[in-house]
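Colleague: Quick one: structure below, then a few questions.
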Amino acid sequence: MTRQPERPGAQQWVPPEGDVSALRAAAPGCRGCELWAPATQVVFSSGDPDAPLVLVGEQPGDKEDREGAPFVGPAGRLLDEALEAAETSRSEVYLTNAVKHFRFEERGPRRIHKTPAVGHIRACLPWLTAELAAVEPRVVVALGGTATQAVLGRDESVTSLRGRLLEPPDAPLRTLVTVHPSSVLRVRGSAERAAALDGLVADLRIAVAAAR
Ligand code: URA
Ligand code: SF4
């Protein structure tokens, strides 16, 4: 039987009432779960700390882990494309992840992405909560299942929730759930992939309009 690792959670490393730069400065010290150890570095947020729109991804990937910035790999390129089509851009939003360290499995020389467990999402949540308190966005976009779990605090299907604004008390903050950009990249067939991208763009447009 594999034993569950002890996870103290991030709370004791999160500076109380810190603004985004104070949070960013403290994040490298976090030992809230075991994911910090094999990772290269913490990956905090990017974008505008006063943005009306916050986008939440899953966790850094291989490239993000090496570079120390969110969404700098293939999923990030697709996200940029979708943001542009929705008439906004990365610099106009605040972009972060539900989990701040890359979870992976080593297979030979390759590091394979491993979806964070509910325990990792829970352990890392104090960072996201503090970011949302500091930024005070009008709308939060949850990109995919991990972000949805983090933002809503419950496990719900992205497919059933996507594309409509959830207002309190259905969500702690006004939230729009949509798919993760990586899921668009995984769609086979160029017509099908284009349709999946259109779906993501349509959802982002709703969030952009609601954040104005
Ligand atoms: N996928 C994510 O969810 N976040 C990143 O930063 C990169 C890929
Ligand atoms: Fe802390 Fe989150 Fe990294 Fe775990 S994943 S060590 S909780 S910052």
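How things are named: the first chain in the structure tokens is A, the next is B, and so on; residues count from 1 in each chain; ligands count from 1 in the order shown.
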Would you mind listing what lies within 9 Å of segment 113-117 of chain A as a list in words, with only C-alpha atoms counted and same-chain residues fewer than 4 positions away left out?

Modeller: Glu58, Gln59, Gly61, Asp62, Val99, Phe102, Arg103, Phe104, Glu105, Ile121, Arg122 and Thr146 of chain A

Colleague: Taking only C-alpha atoms and all ligand atoms into account, which residues are within 7 Å of ligand 1, as an MDAnalysis selection string?

Modeller: chainID A and resid 57:61 64 69:73 75:76 97 182

Colleague: Keeping only all heavy atoms, take the residues you just selected and write them out as a tab-separated table (two decimals), in the first residue's frame.

Modeller:
chain	number	residue	atom	x	y	z
A	57	GLY	N	-5.16	28.09	-14.72
A	57	GLY	CA	-4.83	26.83	-15.39
A	57	GLY	C	-4.67	25.70	-14.39
A	57	GLY	O	-5.12	25.80	-13.23
A	58	GLU	N	-4.03	24.63	-14.81
A	58	GLU	CA	-3.89	23.47	-13.95
A	58	GLU	C	-2.62	23.55	-13.10
A	58	GLU	O	-2.64	23.77	-11.90
A	58	GLU	CB	-3.86	22.21	-14.82
A	58	GLU	CG	-3.77	20.93	-14.01
A	58	GLU	CD	-3.42	19.73	-14.88
A	58	GLU	OE1	-2.32	19.74	-15.48
A	58	GLU	OE2	-4.24	18.81	-14.96
A	59	GLN	N	-1.49	23.36	-13.76
A	59	GLN	CA	-0.18	23.38	-13.10
A	59	GLN	C	0.84	23.65	-14.19
A	59	GLN	O	0.55	23.47	-15.37
A	59	GLN	CB	0.10	22.04	-12.44
A	59	GLN	CG	0.18	20.89	-13.45
A	59	GLN	CD	0.76	19.61	-12.87
A	59	GLN	OE1	1.26	19.57	-11.77
A	59	GLN	NE2	0.70	18.54	-13.65
A	60	PRO	N	2.06	24.08	-13.80
A	60	PRO	CA	3.08	24.27	-14.83
A	60	PRO	C	3.41	22.94	-15.52
A	60	PRO	O	3.30	21.88	-14.92
A	60	PRO	CB	4.28	24.80	-14.05
A	60	PRO	CG	4.00	24.59	-12.61
A	60	PRO	CD	2.53	24.42	-12.45
A	61	GLY	N	3.80	23.03	-16.78
A	61	GLY	CA	4.29	21.87	-17.50
A	61	GLY	C	5.82	21.88	-17.54
A	61	GLY	O	6.47	22.68	-16.84
A	64	GLU	N	7.31	25.29	-18.54
A	64	GLU	CA	7.04	26.28	-17.51
A	64	GLU	C	7.96	26.05	-16.30
A	64	GLU	O	8.47	27.00	-15.70
A	64	GLU	CB	5.58	26.21	-17.08
A	64	GLU	CG	4.57	26.71	-18.11
A	64	GLU	CD	4.28	25.74	-19.23
A	64	GLU	OE1	4.62	24.54	-19.09
A	64	GLU	OE2	3.70	26.16	-20.25
A	69	ALA	N	7.73	30.48	-15.66
A	69	ALA	CA	6.59	31.32	-16.01
A	69	ALA	C	5.45	30.44	-16.53
A	69	ALA	O	5.70	29.40	-17.14
A	69	ALA	CB	7.00	32.33	-17.09
A	70	PRO	N	4.20	30.85	-16.27
A	70	PRO	CA	3.06	30.02	-16.67
A	70	PRO	C	2.78	30.09	-18.18
A	70	PRO	O	3.02	31.14	-18.81
A	70	PRO	CB	1.88	30.62	-15.88
A	70	PRO	CG	2.26	32.04	-15.63
A	70	PRO	CD	3.77	32.06	-15.52
A	71	PHE	N	2.30	29.01	-18.71
A	71	PHE	CA	1.81	28.94	-20.10
A	71	PHE	C	2.82	29.48	-21.12
A	71	PHE	O	2.49	30.33	-21.93
A	71	PHE	CB	0.47	29.70	-20.22
A	71	PHE	CG	-0.70	28.91	-19.66
A	71	PHE	CD1	-1.24	29.19	-18.41
A	71	PHE	CD2	-1.27	27.88	-20.40
A	71	PHE	CE1	-2.31	28.45	-17.90
A	71	PHE	CE2	-2.35	27.14	-19.90
A	71	PHE	CZ	-2.86	27.43	-18.65
A	72	VAL	N	4.03	28.97	-21.06
A	72	VAL	CA	5.03	29.37	-22.05
A	72	VAL	C	5.30	28.25	-23.07
A	72	VAL	O	6.13	28.40	-23.96
A	72	VAL	CB	6.37	29.81	-21.39
A	72	VAL	CG1	6.19	31.14	-20.66
A	72	VAL	CG2	6.91	28.75	-20.44
A	73	GLY	N	4.57	27.14	-22.96
A	73	GLY	CA	4.72	26.03	-23.91
A	73	GLY	C	3.60	26.01	-24.94
A	73	GLY	O	2.97	27.03	-25.18
A	75	ALA	N	0.54	24.76	-24.93
A	75	ALA	CA	-0.80	25.16	-24.45
A	75	ALA	C	-0.88	26.68	-24.35
A	75	ALA	O	-1.94	27.27	-24.60
A	75	ALA	CB	-1.09	24.51	-23.10
A	76	GLY	N	0.23	27.30	-23.99
A	76	GLY	CA	0.27	28.76	-23.88
A	76	GLY	C	0.10	29.45	-25.22
A	76	GLY	O	-0.55	30.48	-25.32
A	97	ASN	N	-2.00	29.41	-12.04
A	97	ASN	CA	-2.34	27.99	-12.02
A	97	ASN	C	-2.88	27.58	-10.66
A	97	ASN	O	-2.53	28.18	-9.64
A	97	ASN	CB	-1.09	27.15	-12.34
A	97	ASN	CG	-0.75	27.15	-13.82
A	97	ASN	OD1	-1.58	26.82	-14.66
A	97	ASN	ND2	0.48	27.55	-14.15
A	182	SER	N	-4.91	22.67	-23.43
A	182	SER	CA	-4.28	21.40	-23.83
A	182	SER	C	-5.28	20.42	-24.41
A	182	SER	O	-4.93	19.61	-25.28
A	182	SER	CB	-3.63	20.71	-22.63
A	182	SER	OG	-2.60	21.49	-22.14

Colleague: Show me, as a CSV table (one decimal) with N, CA, C and O atoms, in the first residue's frame, the residues that have an atom within 10 Å of Glu6 of chain A when counting only C-alpha atoms, minus same-chain residues fewer than 3 positions from it.

Modeller:
chain,number,residue,atom,x,y,z
A,3,ARG,N,1.6,4.9,1.0
A,3,ARG,CA,1.1,5.8,2.1
A,3,ARG,C,0.9,7.2,1.5
A,3,ARG,O,1.7,7.7,0.7
A,9,GLY,N,-0.1,21.8,3.6
A,9,GLY,CA,-0.8,22.8,2.9
A,9,GLY,C,0.0,24.1,3.0
A,9,GLY,O,0.9,24.3,3.8
A,32,GLY,N,4.3,23.3,1.2
A,32,GLY,CA,3.0,22.9,1.6
A,32,GLY,C,2.6,21.5,1.1
A,32,GLY,O,1.7,20.9,1.6
A,33,CYS,N,3.4,21.0,0.1
A,33,CYS,CA,3.2,19.6,-0.3
A,33,CYS,C,4.5,19.1,-0.9
A,33,CYS,O,5.5,19.9,-1.0
A,34,GLU,N,4.6,17.9,-1.3
A,34,GLU,CA,5.9,17.3,-1.7
A,34,GLU,C,6.3,17.7,-3.1
A,34,GLU,O,7.4,17.3,-3.5
A,119,GLY,N,-5.5,16.2,-3.3
A,119,GLY,CA,-4.7,16.7,-2.1
A,119,GLY,C,-3.7,17.7,-2.5
A,119,GLY,O,-3.4,18.6,-1.7

Colleague: I want to know what sits within 7 Å of segment 204-210 of chain A, based on only C-alpha atoms, with residues of the same chain fewer than 4 positions away left out; could you give that as a list in words?

Modeller: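 Selected residues are Ala86, Val139, Leu176 and Leu200 of chain A.
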
Colleague: Check which residues of chain A sit at most 9 Å from ligand 2 using only C-alpha atoms and all ligand atoms, and return one row each with the closest pair of atoms and their distance in Å to one decimal, ordered by chain and rising number, as a tab-separated table.

Modeller:
residue	atom	partner	partner_atom_place_in_ligand_line	distance
A:Arg7	CA	ligand 2	7 (S)	8.0
A:Pro8	CA	ligand 2	7 (S)	8.2
A:Gly9	CA	ligand 2	7 (S)	5.5
A:Ala10	CA	ligand 2	7 (S)	4.6
A:Gln11	CA	ligand 2	7 (S)	8.4
A:Trp13	CA	ligand 2	1 (Fe)	8.0
A:Ala27	CA	ligand 2	8 (S)	6.1
A:Pro28	CA	ligand 2	8 (S)	7.3
A:Gly29	CA	ligand 2	1 (Fe)	7.9
A:Cys30	CA	ligand 2	1 (Fe)	4.4
A:Arg31	CA	ligand 2	6 (S)	4.3
A:Gly32	CA	ligand 2	7 (S)	3.9
A:Cys33	CA	ligand 2	4 (Fe)	3.9
A:Glu34	CA	ligand 2	6 (S)	5.9
A:Leu35	CA	ligand 2	4 (Fe)	5.1
A:Trp36	CA	ligand 2	6 (S)	4.4
A:Ala37	CA	ligand 2	6 (S)	7.8
A:Ala39	CA	ligand 2	3 (Fe)	8.7
A:Gln41	CA	ligand 2	3 (Fe)	8.7
A:Val42	CA	ligand 2	3 (Fe)	6.3
A:Val43	CA	ligand 2	8 (S)	8.1
A:Phe44	CA	ligand 2	8 (S)	8.3
A:Gln59	CA	ligand 2	5 (S)	8.3
A:Ala98	CA	ligand 2	2 (Fe)	8.1
A:Val99	CA	ligand 2	5 (S)	5.0
A:Lys100	CA	ligand 2	5 (S)	4.6
A:His101	CA	ligand 2	5 (S)	4.3
A:Phe102	CA	ligand 2	5 (S)	7.4
A:Arg103	CA	ligand 2	5 (S)	8.1
A:Pro116	CA	ligand 2	5 (S)	8.9
A:His120	CA	ligand 2	4 (Fe)	6.3
A:Ile121	CA	ligand 2	2 (Fe)	7.6
A:Arg122	CA	ligand 2	7 (S)	7.9
A:Ala123	CA	ligand 2	7 (S)	4.7
A:Cys124	CA	ligand 2	7 (S)	3.6
A:Leu125	CA	ligand 2	7 (S)	7.3
A:Pro126	CA	ligand 2	7 (S)	8.0
A:Trp127	CA	ligand 2	8 (S)	7.3

Colleague: Taking the chain letters and numbering used in this document, name the residues of segment 86-192 of chain A that DSSP puts in alpha helix (DSSP H), as a count of residues only.

Modeller: 40

Colleague: For the atom pair atom CA of Val141 of chain A and atom CA of Leu23 of chain A, what is the interatomic distance in Å to one decimal place?

Modeller: 20.5 Å

Colleague: What gap, in Å, lies between atom CA of Ala82 of chain A and atom CA of Gly199 of chain A?

Modeller: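 Separating atom CA of Ala82 of chain A from atom CA of Gly199 of chain A is a distance of 9.6 Å.
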
Colleague: Check the smallest atom-to-atom distance from each of A:Val56, A:Thr159, A:Lys63, A:Ala147 to Ile112 of chain A using only C-alpha atoms, then report the winner.

Modeller: A:Lys63

Colleague: Report the distance between atom CA of Leu79 of chain A and atom CA of Ser46 of chain A in Å, rounded to one decimal place.

Modeller: 13.5 Å

Colleague: Between A:Ala142, A:Val151, A:Val93, A:Ala25, which one has atoms that come closest to Thr129 of chain A, using only C-alpha atoms?

Modeller: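 The shortest atom-to-atom distance to Thr129 of chain A comes from A:Val151.
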
Colleague: Hey, what's within 12 Å of Val201 of chain A if we count only C-alpha atoms and toss same-chain stuff fewer than 4 positions away? As a ChimeraX atom specification, please?

Modeller: /A:78-88,143,162-163,178-181,184,194-197,205-208
